[in-house]
Amino acid sequence: MTTRIHGAICIDGVGESEVRDVHFDGETICSAISPKRIDADYNLPNCIVVAGGIDVHTHIGGGKVNIARLLMPELVLHRPERERASWIAPLSSPVPSTIETGRRYLEMGYTACFEPAVLPANARHAHAEMADIPWLDTGGYLLLGNDRLLLEWIRDGVPQQQINDYVGWMVRTHQCCAVKVVNAGGIDAFKFNQRHMNVDDQHVYFGVTPRQILKSLSIAVEFLGLAHPLHVHCSNLGLAGNIAATMATIDAVEGRRLHLTHAQYHCYGTDGPHGYCSAAGVLADRVNANANLSIDIGQVQFGQTVTLSGDTMHQFANRGLARPRKAIFQDLECQAGCGVLPFRYRQEQYVHSLLWTIGIELFLRVKDPLRVFLTTDHPNGAPFTSYPHLIRLLMDYDFRMSIFSRLHPDVQKSSSLPSLTREYSVEEIIKMTRLGPARALGLNNRGSLTEGNLADLVVYEHSDNPEQMFSRPRMVFRRGELVYRDGVFIGDTIKSTIVAHIDVEAQMDTLLKRLWRTQYGYSTEMIAVRADELMSGSRMVEWTG
Amino acid sequence: MICPFCSLLCDADDLNEIQCDRRSSSLSLFELSQDTNKRLLPEADRLKSARESLRQAKRVLVAGRIASVATARAAIAFAAKFNATLDLAESGSVFRNVLAIQRVGIYSVSLAEARDHTDLFIVVGDDSIHQTVPRMPNALSRGASRKQTVLLLGTFSIAGVEVWRNAGFEVWSVQCDLNEVPKALSQWSKWSDDRKENTVQGTSMSGPLFHRLSNAGYTTVVWCSKNLPMEQADLWVERMIQWIAKRNEETRCAAIPWASFDGTFVQVCTWLTGFPGRVAFRNGAPEYDPQKFTYERWIEQTSMSRQVESVVVLIDETIAASSFFTPLEKQLLNCSTVIELTGNSELFPTSIAGLETGADMFRADQTLLAHVSPTSKREPFGKPASIWLQGLST
């Protein structure tokens, strides 16, 4: 099947934004095709053509996601309420089913999404669940840094090479593409009833510090050549003054590449009328000055959602804030934990308003759109369906200020947001949601309209209202096939699981097979996910790195 | 190798070395089962006939025992296509936990975490827990080298106590009415060395035991919802959850609310529909009502309405000693067509998940999804239930 799109403006952040033809032959974008060979020809004036969107951090599969669904059946909307919305309807619940997740991402023009917290023991579940998300390529970041085996080894001062091999074995065995650390050491420390852990505090049992863990894991990620840097959820989530911990986290990796996730939750100072203030400028300055750093935001939007995190220590501390008043916490398999709390962000509440401004501030203060990614940490800050609204906030100063004027008065008095007059261009939005994430994840065949890339393409009709424009594309192509057109889902196509290509050291395999039964009471066969398990029918594995 | 006969999913180099009553009895049942060899009609004709019944049906129920992710997926797709009600055999015990969790949440712990980190287990119930999950004590014990304590609360026999002792635990056993357990635990929480009252009313809990309990660093409370005898057990579960939550204000404590095989179905149903089971499909979309969409109620309503165009699709891909429906339910089902996908089915013989065919199965704490490779050397008589369901849907 050969296709040509013409008459539309091509935008990808690599070449000039201009009206030009895009051709694809089968699954990939190609140079010009002879008119006689074109099977499908689309003339699309007043439209833009971009690559498929990539979400680097969205909770779409695995234990805690399913727990959130189970916890809140009463929050599922009835159909008529869903159908009333104008551009993009709200999700049927803060954490929708896999099928709805796939549909709604595709409806916004996204074609690849990454689950950022795959618990090793839960990896097969996460992959099985993501396999049931139609239309999206998926991948997972393996959660390390609270696994007791690693903490023991760091405490015992084993050679770094042993840790490198361990991390490689874990990523390969669980078929993930990156490594994430959540509150390094803190989740495990909470199991020993330690209620607080700063970057240089010692784990009450193992004696190791988050700084040691972060350094060790960042070295391992670099050694293994993983495309994505260590993906870090810092210590002290949500606490006033946590900007110090965030800076210390950056220092801990000693100049290696680092991705700070849902950065909005990690840049608070202690000034201001309620002992809580924005430190977005401090973090943005650091990011702007250091090319080894990237962030995603975790933007908050007002309304009901659910927060889910591996950071049991801080989720438990916030249990009193749950609305409705119920929560699930788990201590999991000597590896990590999770906390799931329903949460309602209200614009009349000082801290909630402040969080909203801090996220926007970060977006506006970080200069390079290839190193700041558009996320709401779905569903923690807001459901992913709020992306078009968020894009409008970034592209339209007056619209932004119209929301700002409704916030808590103390936030309006103290925030620097009014002075930030930057408005994102469409090109910058496309870089932030396509090219940047593709580069950050080593997806060399995605993110732009370059020849040879996968023909995962989206056509948006131009509108002066970016929220409307990005809410519903005219067309979405996946692997060169038209799968969505004018609100109608036409079909599905092949679906990839993205996995890092790592060779496992035989010695580590032998060692872990022996240790696993002692530590966990079962063999590694119980948890090892074979690549062929991820391949069936229209599913395939794609290797990175 | 992983044993597929209960939700504990024991893993051993040689499963034959595992001493387990449930495994032995399941294998015996399997050995006794044989191909009924009564399938006189060709497969295409059998499927055609069943499809015709489904096409004409005004009410469809999907029920039974599902152990694998593949069959759970297929059953949900099937139910969506035929606008069926979907409720499994052991949902009664599963929903004792689910209903309580949906009201107040929970603090729980997975199996290996509890095994590695817990210094005090509180196991609530009676000896029947050992029939449901015979090797639970072995799974929770780290062996004699690391002393762990278990407090058995309820009506455990001397033999029941020995099961835990043999697994390497220091055992305390306190006889008490299960209904009183949440209250007794609350009294323990308030206890201190200088209190005058040194016992909990109605139990034999006393000062030395309280002292041991109060010094626990990480307490894990275990119950098996299937084996709770009281009415409205979900309210009992809720009280236990609230006690655990309160205890976490000062120290660490968590639950293992053991359910059943249906955990695999609960997970898959939750990610595919948003609900953990007891769903009915209308125009292909799931509706959830844990009180209304039960198989018992479906049978009752169908019987009362004398609706002849009703079909029950009964799936069983496990080896179960007990039959699925009660005699009364069987009687009420006389007016429905039953399409049976079981090991003994004459029309749609179904292979045993994890024994005759490979299967992805959740361990009952639902943290770990294992791929269970088939260990039977016998050629399967039947096909996986998921394949039959797909055949019936086309």
# chains A, B, ... in the order shown; residues from 1 in each chain; ligands from 1

$ residues_around --residues "Ala189 of chain A" --least-positions-apart "4" --cutoff "8 Å" --atoms "only C-alpha atoms" --output "list in words"
Gly185, Asn193, Gln194, Arg195, Met197, His203, Val204 and Tyr205 of chain A

$ interface_residues --of "chain A" --to "chain B" --cutoff "8 Å" --atoms "only C-alpha atoms" --output "VMD selection string"
chain A and resid 63 66 69 to 73 96 to 99 121 to 122 124 to 125 129 132 191 to 193 325 to 334 519 to 523 526 to 527

$ write_last_selection --atoms "N, CA and C atoms" --output "tab-separated table (two decimals), in the first residue's frame"
chain	number	residue	atom	x	y	z
A	63	GLY	N	-0.17	-3.46	38.23
A	63	GLY	CA	-0.94	-3.65	39.45
A	63	GLY	C	-1.65	-2.42	39.96
A	66	ASN	N	-4.64	-1.19	37.94
A	66	ASN	CA	-5.84	-2.02	38.10
A	66	ASN	C	-6.45	-1.85	39.49
A	69	ARG	N	-8.66	1.12	39.45
A	69	ARG	CA	-9.96	0.85	38.83
A	69	ARG	C	-10.87	0.15	39.84
A	70	LEU	N	-10.29	-0.83	40.52
A	70	LEU	CA	-11.09	-1.62	41.46
A	70	LEU	C	-11.61	-0.77	42.61
A	71	LEU	N	-10.81	0.21	43.02
A	71	LEU	CA	-11.15	1.00	44.21
A	71	LEU	C	-12.36	1.92	43.99
A	72	MET	N	-12.59	2.33	42.75
A	72	MET	CA	-13.53	3.43	42.58
A	72	MET	C	-14.62	3.19	41.52
A	73	PRO	N	-15.37	2.14	41.65
A	73	PRO	CA	-16.42	1.92	40.64
A	73	PRO	C	-17.45	3.03	40.62
A	96	PRO	N	-9.45	4.58	33.07
A	96	PRO	CA	-10.40	3.84	32.24
A	96	PRO	C	-9.89	2.44	31.89
A	97	SER	N	-10.73	1.68	31.25
A	97	SER	CA	-10.34	0.34	30.81
A	97	SER	C	-9.26	0.46	29.74
A	98	THR	N	-8.62	-0.66	29.46
A	98	THR	CA	-7.55	-0.66	28.46
A	98	THR	C	-8.08	-0.23	27.09
A	99	ILE	N	-9.25	-0.68	26.76
A	99	ILE	CA	-9.81	-0.38	25.44
A	99	ILE	C	-10.08	1.12	25.31
A	121	ALA	N	8.17	-7.99	39.78
A	121	ALA	CA	7.30	-9.16	39.97
A	121	ALA	C	6.00	-9.04	39.18
A	122	ASN	N	5.68	-7.83	38.83
A	122	ASN	CA	4.41	-7.54	38.18
A	122	ASN	C	4.55	-7.30	36.67
A	124	ARG	N	4.94	-9.24	33.99
A	124	ARG	CA	4.12	-9.99	33.04
A	124	ARG	C	2.69	-9.43	33.02
A	125	HIS	N	2.19	-9.08	34.20
A	125	HIS	CA	0.87	-8.46	34.28
A	125	HIS	C	0.85	-7.15	33.50
A	129	GLU	N	-1.57	-6.50	30.32
A	129	GLU	CA	-2.59	-5.43	30.32
A	129	GLU	C	-2.35	-4.46	29.16
A	132	ASP	N	-3.57	-5.37	25.79
A	132	ASP	CA	-4.99	-5.17	25.54
A	132	ASP	C	-5.35	-3.71	25.30
A	191	LYS	N	8.85	0.26	54.88
A	191	LYS	CA	8.49	-1.08	55.36
A	191	LYS	C	9.11	-1.36	56.73
A	192	PHE	N	10.19	-0.63	57.01
A	192	PHE	CA	10.83	-0.74	58.33
A	192	PHE	C	10.38	0.39	59.25
A	193	ASN	N	9.28	1.00	58.89
A	193	ASN	CA	8.63	2.05	59.68
A	193	ASN	C	9.41	3.36	59.72
A	325	ARG	N	-12.82	9.23	50.82
A	325	ARG	CA	-11.90	8.87	51.90
A	325	ARG	C	-11.65	7.36	51.93
A	326	LYS	N	-10.82	6.91	51.05
A	326	LYS	CA	-10.39	5.51	51.06
A	326	LYS	C	-9.09	5.43	50.27
A	327	ALA	N	-8.31	4.43	50.54
A	327	ALA	CA	-7.02	4.31	49.86
A	327	ALA	C	-6.53	2.88	49.94
A	328	ILE	N	-5.73	2.51	48.98
A	328	ILE	CA	-5.10	1.19	49.01
A	328	ILE	C	-3.58	1.38	49.03
A	329	PHE	N	-2.95	0.65	49.94
A	329	PHE	CA	-1.49	0.64	50.00
A	329	PHE	C	-1.02	-0.81	49.94
A	330	GLN	N	0.15	-0.99	49.36
A	330	GLN	CA	0.69	-2.35	49.30
A	330	GLN	C	2.21	-2.32	49.51
A	331	ASP	N	2.69	-3.31	50.24
A	331	ASP	CA	4.14	-3.56	50.32
A	331	ASP	C	4.39	-4.77	49.45
A	332	LEU	N	5.28	-4.63	48.47
A	332	LEU	CA	5.30	-5.62	47.41
A	332	LEU	C	6.65	-6.31	47.21
A	333	GLU	N	6.69	-7.57	47.52
A	333	GLU	CA	7.62	-8.55	46.98
A	333	GLU	C	9.09	-8.17	47.11
A	334	CYS	N	9.44	-7.50	48.24
A	334	CYS	CA	10.83	-7.10	48.50
A	334	CYS	C	11.37	-6.23	47.37
A	519	GLN	N	15.57	-15.47	48.32
A	519	GLN	CA	14.95	-14.16	48.58
A	519	GLN	C	13.43	-14.20	48.42
A	520	TYR	N	12.97	-14.86	47.39
A	520	TYR	CA	11.55	-14.77	47.05
A	520	TYR	C	10.77	-16.05	47.28
A	521	GLY	N	11.47	-17.17	47.40
A	521	GLY	CA	10.77	-18.44	47.62
A	521	GLY	C	10.31	-19.10	46.34
A	522	TYR	N	10.73	-18.58	45.20
A	522	TYR	CA	10.42	-19.22	43.93
A	522	TYR	C	11.57	-18.98	42.95
A	523	SER	N	11.52	-19.68	41.83
A	523	SER	CA	12.63	-19.58	40.89
A	523	SER	C	12.45	-18.39	39.96
A	526	MET	N	9.60	-18.21	37.34
A	526	MET	CA	8.27	-17.72	37.71
A	526	MET	C	8.03	-16.30	37.16
A	527	ILE	N	9.08	-15.51	37.09
A	527	ILE	CA	8.88	-14.09	36.73
A	527	ILE	C	9.48	-13.72	35.37

$ residues_around --residues "Arg530 of chain A" --least-positions-apart "6" --cutoff "9 Å" --atoms "only C-alpha atoms" --output "number ranges by chain"
A: 173-175

$ write_last_selection --atoms "N, CA and C atoms" --output "mmCIF file, in the first residue's frame"
data_model
loop_
_atom_site.group_PDB
_atom_site.id
_atom_site.type_symbol
_atom_site.label_atom_id
_atom_site.label_comp_id
_atom_site.auth_asym_id
_atom_site.auth_seq_id
_atom_site.Cartn_x
_atom_site.Cartn_y
_atom_site.Cartn_z
ATOM 1 N N THR A 173 15.172 -9.439 31.672
ATOM 2 C CA THR A 173 14.287 -10.514 32.136
ATOM 3 C C THR A 173 12.839 -10.049 32.195
ATOM 4 N N HIS A 174 12.645 -8.776 32.463
ATOM 5 C CA HIS A 174 11.273 -8.266 32.582
ATOM 6 C C HIS A 174 10.820 -7.508 31.338
ATOM 7 N N GLN A 175 11.651 -7.554 30.305
ATOM 8 C CA GLN A 175 11.295 -7.005 28.984
ATOM 9 C C GLN A 175 10.889 -5.537 29.061
#

$ select_by_dssp --residues "segment 153-310 of chain B" --states "alpha helix (DSSP H)" --output "PyMOL selection string"
chain B and resi 158-166+181-190+207-214+233-247+263-273+295-305

$ atom_distance --atom1 "atom CA of Lys383 of chain B" --atom2 "atom CA of Glu309 of chain B"
27.1 Å

$ residues_around --residues "Arg365 of chain A" --least-positions-apart "2" --cutoff "7 Å" --atoms "only C-alpha atoms" --output "PDB file with C-alpha atoms, in the first residue's frame"
ATOM      1  CA  GLY A 281      12.729  28.917  38.570  1.00  0.00           C
ATOM      2  CA  ALA A 284      14.314  25.416  35.273  1.00  0.00           C
ATOM      3  CA  GLU A 361       5.875  27.885  35.069  1.00  0.00           C
ATOM      4  CA  LEU A 362       8.201  24.977  34.433  1.00  0.00           C
ATOM      5  CA  PHE A 363       6.891  24.535  30.902  1.00  0.00           C
ATOM      6  CA  LYS A 367      13.823  26.894  27.042  1.00  0.00           C
TER       7      LYS A 367
END

$ select_by_dssp --residues "segment 11-173 of chain B" --states "strand (DSSP E)" --output "mmCIF file with C-alpha atoms, in the first residue's frame"
data_model
loop_
_atom_site.group_PDB
_atom_site.id
_atom_site.type_symbol
_atom_site.label_atom_id
_atom_site.label_comp_id
_atom_site.auth_asym_id
_atom_site.auth_seq_id
_atom_site.Cartn_x
_atom_site.Cartn_y
_atom_site.Cartn_z
ATOM 1 C CA ARG B 59 -30.738 -14.085 28.372
ATOM 2 C CA VAL B 60 -27.191 -15.430 28.539
ATOM 3 C CA LEU B 61 -25.133 -16.252 31.620
ATOM 4 C CA VAL B 62 -21.407 -16.957 31.551
ATOM 5 C CA ALA B 63 -20.398 -18.771 34.716
ATOM 6 C CA GLY B 64 -17.922 -21.299 36.037
ATOM 7 C CA ARG B 65 -14.276 -21.437 36.982
ATOM 8 C CA THR B 85 -24.236 -11.571 32.622
ATOM 9 C CA LEU B 86 -20.817 -12.711 33.805
ATOM 10 C CA GLY B 105 -9.487 0.586 50.860
ATOM 11 C CA ILE B 106 -6.855 -1.684 52.409
ATOM 12 C CA TYR B 107 -3.200 -2.007 53.389
ATOM 13 C CA SER B 108 -2.012 -5.313 51.975
ATOM 14 C CA VAL B 109 1.260 -7.138 51.459
ATOM 15 C CA LEU B 120 4.468 -11.780 63.382
ATOM 16 C CA PHE B 121 1.711 -13.418 61.398
ATOM 17 C CA ILE B 122 -1.854 -13.390 62.674
ATOM 18 C CA VAL B 123 -3.838 -16.081 60.885
ATOM 19 C CA VAL B 124 -7.566 -15.810 61.412
ATOM 20 C CA GLY B 125 -9.949 -18.669 60.721
ATOM 21 C CA ASP B 126 -9.989 -22.394 61.283
ATOM 22 C CA GLN B 148 8.885 -16.034 62.920
ATOM 23 C CA THR B 149 5.837 -16.116 65.154
ATOM 24 C CA VAL B 150 2.328 -16.978 64.150
ATOM 25 C CA LEU B 151 -0.748 -16.302 66.238
ATOM 26 C CA LEU B 152 -3.649 -18.511 65.189
ATOM 27 C CA LEU B 153 -6.909 -16.799 66.077
ATOM 28 C CA GLY B 154 -10.154 -18.746 65.768
ATOM 29 C CA THR B 155 -10.830 -22.447 66.061
ATOM 30 C CA PHE B 169 6.964 -21.078 63.175
ATOM 31 C CA GLU B 170 6.766 -20.346 66.859
ATOM 32 C CA VAL B 171 3.016 -20.821 67.309
ATOM 33 C CA TRP B 172 0.543 -19.165 69.684
ATOM 34 C CA SER B 173 -3.027 -20.325 69.368
#
